$ cat input.csv   # CSV, C-alpha atoms
chain,number,residue,atom,x,y,z
A,1,MET,CA,15.2,4.7,39.3
A,2,HIS,CA,17.6,4.8,36.3
A,3,GLY,CA,17.9,1.9,34.0
A,4,SER,CA,21.1,0.0,33.4
A,5,PRO,CA,23.5,1.1,30.7
A,6,GLN,CA,22.9,-2.2,29.0
A,7,LYS,CA,19.1,-1.7,29.0
A,8,ALA,CA,19.6,1.9,27.6
A,9,ALA,CA,21.9,0.6,24.9
A,10,SER,CA,19.4,-2.1,24.0
A,11,MET,CA,16.5,0.4,23.8
A,12,SER,CA,18.7,2.7,21.6
A,13,ALA,CA,19.5,-0.2,19.3
A,14,THR,CA,15.8,-1.1,19.0
A,15,ALA,CA,14.9,2.5,18.2
A,16,THR,CA,17.6,2.6,15.5
A,17,GLU,CA,16.3,-0.6,13.9
A,18,THR,CA,12.7,0.6,14.1
A,19,LEU,CA,13.4,4.1,12.7
A,20,PRO,CA,16.2,3.7,10.1
A,21,TYR,CA,15.1,6.6,7.9
A,22,ALA,CA,16.9,9.8,9.1
A,23,GLY,CA,20.1,9.3,7.1
A,24,ARG,CA,18.4,8.0,3.9
A,25,ALA,CA,17.7,10.1,0.9
A,26,LEU,CA,14.1,11.2,0.2
A,27,GLY,CA,14.2,9.7,-3.2
A,28,ASP,CA,15.4,6.4,-2.0
A,29,ILE,CA,12.7,6.2,0.7
A,30,ALA,CA,10.0,7.2,-1.9
A,31,VAL,CA,11.1,4.4,-4.2
A,32,THR,CA,11.6,1.6,-1.7
A,33,LEU,CA,8.7,2.4,0.7
A,34,PRO,CA,5.4,2.7,-1.2
A,35,GLY,CA,3.1,5.1,0.7
A,36,ALA,CA,6.0,7.3,1.8
A,37,THR,CA,5.3,9.8,-0.9
A,38,ALA,CA,2.0,10.7,0.7
A,39,VAL,CA,3.9,11.6,3.9
A,40,PHE,CA,6.4,13.7,1.9
A,41,ARG,CA,3.7,15.5,-0.1
A,42,ARG,CA,1.7,16.3,3.1
A,43,ASN,CA,4.8,17.8,4.7
A,44,LYS,CA,6.0,19.5,1.5
A,45,LEU,CA,9.2,17.5,1.3
A,46,ASP,CA,10.4,17.5,-2.3
A,47,PHE,CA,11.4,13.9,-3.0
A,48,CYS,CA,11.7,14.5,-6.8
A,49,CYS,CA,13.9,17.5,-7.5
A,50,ASN,CA,15.6,17.3,-4.1
A,51,GLY,CA,15.5,13.6,-3.7
A,52,GLY,CA,19.2,13.4,-2.8
A,53,LEU,CA,18.6,15.2,0.5
A,54,SER,CA,18.5,13.0,3.6
A,55,LEU,CA,15.3,12.9,5.5
A,56,ALA,CA,17.1,14.5,8.5
A,57,THR,CA,18.4,17.4,6.4
A,58,ALA,CA,15.1,18.0,4.6
A,59,ALA,CA,13.1,17.9,7.9
A,60,LYS,CA,15.5,20.3,9.6
A,61,ALA,CA,15.1,22.8,6.6
A,62,LYS,CA,11.4,22.6,7.0
A,63,GLY,CA,11.3,22.7,10.7
A,64,LEU,CA,9.6,19.3,10.9
A,65,ASP,CA,9.7,16.8,13.8
A,66,LEU,CA,12.1,14.1,12.6
A,67,PRO,CA,11.2,11.4,15.1
A,68,GLU,CA,7.5,11.9,14.2
A,69,LEU,CA,8.3,11.5,10.5
A,70,GLU,CA,10.4,8.4,11.1
A,71,ALA,CA,7.7,6.9,13.3
A,72,GLU,CA,5.1,7.5,10.5
A,73,LEU,CA,7.3,5.8,7.9
A,74,ALA,CA,8.0,2.9,10.3
A,75,ASN,CA,4.3,2.4,10.7
A,76,ILE,CA,3.8,2.3,7.0
A,77,ALA,CA,6.6,-0.3,6.7
A,78,ALA,CA,5.2,-2.4,9.5
A,79,SER,CA,1.7,-2.5,8.0
A,80,ALA,CA,3.1,-4.1,4.9
A,81,ARG,CA,4.7,-7.1,6.6
A,82,PRO,CA,2.9,-10.4,6.1
A,83,ALA,CA,1.5,-12.3,9.0
A,84,GLU,CA,-0.1,-15.7,9.5
A,85,PRO,CA,-3.8,-15.6,9.0
A,86,PRO,CA,-5.8,-16.0,12.3
A,87,ALA,CA,-7.6,-19.2,12.9
A,88,GLU,CA,-10.7,-17.5,14.3
A,89,THR,CA,-13.0,-16.2,11.5
A,90,GLY,CA,-13.8,-12.9,13.1
A,91,ALA,CA,-10.1,-12.1,13.6
A,92,LEU,CA,-9.4,-13.1,10.0
A,93,ILE,CA,-12.0,-10.7,8.8
A,94,ASP,CA,-10.6,-8.0,11.0
A,95,ARG,CA,-7.2,-8.6,9.4
A,96,ILE,CA,-8.6,-8.4,5.9
A,97,GLU,CA,-10.3,-5.1,6.7
A,98,THR,CA,-7.2,-3.5,8.3
A,99,ARG,CA,-4.4,-5.1,6.2
A,100,PHE,CA,-6.1,-4.9,2.8
A,101,HIS,CA,-9.2,-2.7,2.7
A,102,ALA,CA,-7.7,0.1,4.7
A,103,THR,CA,-4.4,-0.1,2.8
A,104,HIS,CA,-6.2,0.1,-0.6
A,105,ARG,CA,-8.2,3.1,0.5
A,106,ARG,CA,-5.1,4.8,1.9
A,107,GLU,CA,-2.7,4.1,-1.0
A,108,LEU,CA,-4.8,4.2,-4.2
A,109,PRO,CA,-5.5,8.0,-4.0
A,110,GLU,CA,-1.8,8.7,-3.7
A,111,LEU,CA,-1.0,6.4,-6.6
A,112,LEU,CA,-3.6,8.2,-8.7
A,113,LYS,CA,-2.0,11.6,-8.0
A,114,LEU,CA,1.4,10.2,-8.9
A,115,ALA,CA,0.1,8.7,-12.1
A,116,ARG,CA,-1.5,11.9,-13.2
A,117,ARG,CA,1.6,13.8,-12.5
A,118,VAL,CA,3.9,11.4,-14.4
A,119,GLU,CA,1.5,11.2,-17.4
A,120,ALA,CA,1.3,15.1,-17.5
A,121,VAL,CA,5.0,15.9,-17.0
A,122,HIS,CA,6.4,13.1,-19.1
A,123,ARG,CA,3.7,12.9,-21.8
A,124,SER,CA,6.3,13.2,-24.6
A,125,HIS,CA,8.4,10.3,-23.3
A,126,SER,CA,8.0,7.1,-25.3
A,127,ALA,CA,7.6,5.0,-22.1
A,128,VAL,CA,5.0,7.1,-20.4
A,129,PRO,CA,2.3,4.9,-18.9
A,130,ALA,CA,-0.6,6.5,-20.8
A,131,GLY,CA,-3.9,5.5,-19.4
A,132,LEU,CA,-2.5,4.4,-16.0
A,133,ALA,CA,-4.3,7.1,-14.1
A,134,ASP,CA,-7.6,6.1,-15.7
A,135,LEU,CA,-7.0,2.5,-14.8
A,136,LEU,CA,-6.1,3.3,-11.2
A,137,ASP,CA,-9.2,5.4,-10.9
A,138,ARG,CA,-11.4,2.6,-12.3
A,139,MET,CA,-9.7,0.1,-9.9
A,140,ALA,CA,-10.3,2.4,-6.9
A,141,SER,CA,-14.0,2.8,-7.8
A,142,GLU,CA,-14.5,-1.0,-8.3
A,143,LEU,CA,-12.5,-1.9,-5.2
A,144,GLU,CA,-14.5,0.5,-3.1
A,145,ASP,CA,-17.8,-0.9,-4.3
A,146,HIS,CA,-16.5,-4.5,-3.7
A,147,MET,CA,-15.2,-3.8,-0.2
A,148,GLN,CA,-18.4,-2.0,0.8
A,149,LYS,CA,-20.4,-5.1,-0.2
A,150,GLU,CA,-18.1,-7.3,1.8
A,151,GLU,CA,-18.2,-5.0,4.9
A,152,GLN,CA,-22.0,-4.4,4.8
A,153,ILE,CA,-23.3,-7.8,3.7
A,154,LEU,CA,-20.9,-10.7,3.5
A,155,PHE,CA,-18.7,-10.1,6.5
A,156,PRO,CA,-21.6,-9.5,9.0
A,157,LEU,CA,-23.1,-12.9,7.9
A,158,MET,CA,-19.8,-14.6,8.4
A,159,ARG,CA,-19.3,-13.0,11.8
A,160,HIS,CA,-22.6,-14.6,12.8
A,161,GLY,CA,-21.7,-18.0,11.7
A,162,GLY,CA,-22.9,-17.9,8.1
A,163,HIS,CA,-26.3,-18.3,6.3
A,164,PRO,CA,-27.9,-21.1,4.2
A,165,MET,CA,-27.7,-18.8,1.2
A,166,ILE,CA,-24.2,-17.4,1.8
A,167,GLY,CA,-22.8,-19.2,-1.2
A,168,HIS,CA,-24.5,-16.6,-3.5
A,169,PRO,CA,-22.7,-13.5,-2.2
A,170,ILE,CA,-19.5,-15.5,-2.0
A,171,GLY,CA,-19.8,-16.4,-5.6
A,172,MET,CA,-20.4,-12.8,-6.5
A,173,MET,CA,-17.3,-11.7,-4.7
A,174,MET,CA,-15.2,-14.4,-6.4
A,175,ALA,CA,-16.5,-13.3,-9.8
A,176,GLU,CA,-15.5,-9.7,-9.0
A,177,HIS,CA,-12.1,-11.0,-7.9
A,178,ASP,CA,-11.6,-12.3,-11.4
A,179,GLY,CA,-12.3,-8.8,-12.7
A,180,HIS,CA,-9.7,-7.4,-10.4
A,181,GLY,CA,-7.3,-10.0,-11.8
A,182,VAL,CA,-7.9,-8.7,-15.3
A,183,HIS,CA,-7.0,-5.1,-14.1
A,184,LEU,CA,-3.8,-6.4,-12.6
A,185,LEU,CA,-2.7,-7.8,-16.0
A,186,THR,CA,-3.4,-4.5,-17.6
A,187,LEU,CA,-1.5,-2.8,-14.8
A,188,GLU,CA,1.6,-5.0,-15.5
A,189,THR,CA,1.4,-4.2,-19.2
A,190,LEU,CA,1.1,-0.4,-18.8
A,191,THR,CA,4.0,-0.3,-16.4
A,192,ASN,CA,6.3,-2.6,-18.3
A,193,ASP,CA,6.0,-5.1,-15.4
A,194,PHE,CA,6.6,-2.3,-13.0
A,195,THR,CA,10.0,-1.4,-14.5
A,196,PRO,CA,10.6,2.3,-15.0
A,197,PRO,CA,12.9,3.5,-17.7
A,198,ASP,CA,16.6,4.1,-16.8
A,199,ASN,CA,16.2,7.9,-16.8
A,200,ALA,CA,12.9,7.9,-14.8
A,201,CYS,CA,12.6,10.6,-12.1
A,202,PRO,CA,12.0,9.7,-8.5
A,203,THR,CA,8.2,10.3,-8.8
A,204,TRP,CA,8.0,7.9,-11.7
A,205,ARG,CA,10.0,5.3,-9.8
A,206,ALA,CA,7.9,5.8,-6.7
A,207,LEU,CA,4.7,5.3,-8.8
A,208,TYR,CA,6.0,2.0,-10.1
A,209,ALA,CA,7.1,0.8,-6.7
A,210,GLY,CA,3.6,1.7,-5.4
A,211,THR,CA,1.8,0.0,-8.2
A,212,LYS,CA,3.9,-3.1,-7.7
A,213,LYS,CA,2.9,-3.1,-4.0
A,214,LEU,CA,-0.7,-2.6,-5.0
A,215,SER,CA,-0.5,-5.6,-7.2
A,216,ASP,CA,1.2,-7.7,-4.6
A,217,ASP,CA,-1.4,-6.6,-1.9
A,218,LEU,CA,-4.4,-7.2,-4.1
A,219,ILE,CA,-3.1,-10.7,-5.1
A,220,GLU,CA,-2.6,-11.5,-1.4
A,221,HIS,CA,-6.0,-10.0,-0.6
A,222,ILE,CA,-7.8,-12.2,-3.2
A,223,HIS,CA,-5.8,-15.3,-2.1
A,224,THR,CA,-6.8,-14.7,1.6
A,225,GLU,CA,-10.4,-14.5,0.8
A,226,ASN,CA,-10.7,-17.1,-2.0
A,227,ASN,CA,-8.5,-19.8,-0.5
A,228,ILE,CA,-8.7,-19.2,3.3
A,229,LEU,CA,-11.8,-17.3,4.3
A,230,PHE,CA,-14.5,-18.4,1.8
A,231,PRO,CA,-13.8,-22.2,2.0
A,232,ARG,CA,-14.8,-22.0,5.7
A,233,PHE,CA,-18.3,-21.4,4.5
A,234,THR,CA,-18.4,-23.4,1.3
A,235,GLY,CA,-16.5,-26.6,2.1
$ encode --input "input.csv" --output "structure tokens"
Amino acid sequence: MHGSPQKAASMSATATETLPYAGRALGDIAVTLPGATAVFRRNKLDFCCNGGLSLATAAKAKGLDLPELEAELANIAASARPAEPPAETGALIDRIETRFHATHRRELPELLKLARRVEAVHRSHSAVPAGLADLLDRMASELEDHMQKEEQILFPLMRHGGHPMIGHPIGMMMAEHDGHGVHLLTLETLTNDFTPPDNACPTWRALYAGTKKLSDDLIEHIHTENNILFPRFTG
């Protein structure tokens, strides 16, 4: 049985709203959607020198599946949208692991690649963020250690209702959060508050857009744990 024209039009409109990337330039997507550069690099789409090409044009030239690319970009965008924290503790921990832990693990390696490229290619530029790659590498290592401790020790205790001594690991995690905050201040300084120079290439702009998202995500991550999750066991 065929659907009504109205229903078909509605579905088409929904699809257009969900997948708005085909006509946009690669460079524009790279700068405005942190995480997109990893998709482009994996598919060998040059968002730097050929950043003016639309996604549709670039995909056609490479013989790539355009709807598949759009869907992947839409998923990246959807994962970045904020949501109300769940009332149930187990669900809140699930959200922390999927929204923040998985995002950091997915995005930091790509940011590190972009930072190394920008520092190498533009090393003679007065505004080059010298030391940014080293900082991101250190942040990735420390965050991974931190998240492993939460996933293997603290979160299992919380899922089982807590423990009389749970205040100790919570205190350790909060102290480590303070250390992450120091790194964020350094990140702002190195990137001139995430502001690329006027003549920056698309890779440089994408790097700063990505580091700004990392900063925003990490701030929200720390807030969710310090001010929403942890007080459920220390209040």
$ atom_distance --input "input.csv" --atom1 "CA of Arg138 in chain A" --atom2 "CA of Pro156 in chain A"
26.5 Å
$ atom_distance --input "input.csv" --atom1 "CA of Ile166 in chain A" --atom2 "CA of Glu142 in chain A"
21.6 Å
$ closest_residue --input "input.csv" --among "A:Leu92, A:Leu214, A:Ala206, A:Ile153" --to "His180 in chain A" --atoms "only C-alpha atoms"
A:Leu214
$ closest_residue --input "input.csv" --among "A:Ala30, A:Thr224, A:Arg232, A:Thr203" --to "His122 in chain A" --atoms "all atoms listed in the file"
A:Thr203
$ residues_around --input "input.csv" --residues "Lys44 in chain A" --least-positions-apart "5" --cutoff "12 Å" --atoms "only C-alpha atoms" --output "ChimeraX atom specification"
/A:26,37-39,50,58-59,61-64
$ atom_distance --input "input.csv" --atom1 "CA of Pro20 in chain A" --atom2 "CA of Leu73 in chain A"
9.4 Å
$ closest_residue --input "input.csv" --among "A:Asn199, A:Ser54, A:Thr191, A:Ser79" --to "Thr103 in chain A" --atoms "only C-alpha atoms"
A:Ser79
$ closest_residue --input "input.csv" --among "A:Gly27, A:Pro85, A:Gly35, A:Gly90" --to "Gly161 in chain A" --atoms "all atoms listed in the file"
A:Gly90
$ closest_residue --input "input.csv" --among "A:Val118, A:Leu229, A:Leu45, A:Leu143" --to "Ile170 in chain A" --atoms "only C-alpha atoms"
A:Leu229
$ residues_around --input "input.csv" --residues "Ala133 in chain A" --least-positions-apart "2" --cutoff "10 Å" --atoms "all atoms listed in the file" --output "list of chain:residue names"
A:Leu111, A:Leu112, A:Lys113, A:Leu114, A:Ala115, A:Arg116, A:Arg117, A:Val118, A:Glu119, A:Pro129, A:Ala130, A:Gly131, A:Leu135, A:Leu136, A:Asp137, A:Arg138, A:Met139
$ write_last_selection --input "input.csv" --atoms "C-alpha atoms" --output "PDB file, in the coordinates of the input"
ATOM      1  CA  LEU A 111      -1.000   6.400  -6.600  1.00  0.00           C
ATOM      2  CA  LEU A 112      -3.600   8.200  -8.700  1.00  0.00           C
ATOM      3  CA  LYS A 113      -2.000  11.600  -8.000  1.00  0.00           C
ATOM      4  CA  LEU A 114       1.400  10.200  -8.900  1.00  0.00           C
ATOM      5  CA  ALA A 115       0.100   8.700 -12.100  1.00  0.00           C
ATOM      6  CA  ARG A 116      -1.500  11.900 -13.200  1.00  0.00           C
ATOM      7  CA  ARG A 117       1.600  13.800 -12.500  1.00  0.00           C
ATOM      8  CA  VAL A 118       3.900  11.400 -14.400  1.00  0.00           C
ATOM      9  CA  GLU A 119       1.500  11.200 -17.400  1.00  0.00           C
ATOM     10  CA  PRO A 129       2.300   4.900 -18.900  1.00  0.00           C
ATOM     11  CA  ALA A 130      -0.600   6.500 -20.800  1.00  0.00           C
ATOM     12  CA  GLY A 131      -3.900   5.500 -19.400  1.00  0.00           C
ATOM     13  CA  LEU A 135      -7.000   2.500 -14.800  1.00  0.00           C
ATOM     14  CA  LEU A 136      -6.100   3.300 -11.200  1.00  0.00           C
ATOM     15  CA  ASP A 137      -9.200   5.400 -10.900  1.00  0.00           C
ATOM     16  CA  ARG A 138     -11.400   2.600 -12.300  1.00  0.00           C
ATOM     17  CA  MET A 139      -9.700   0.100  -9.900  1.00  0.00           C
TER      18      MET A 139
END
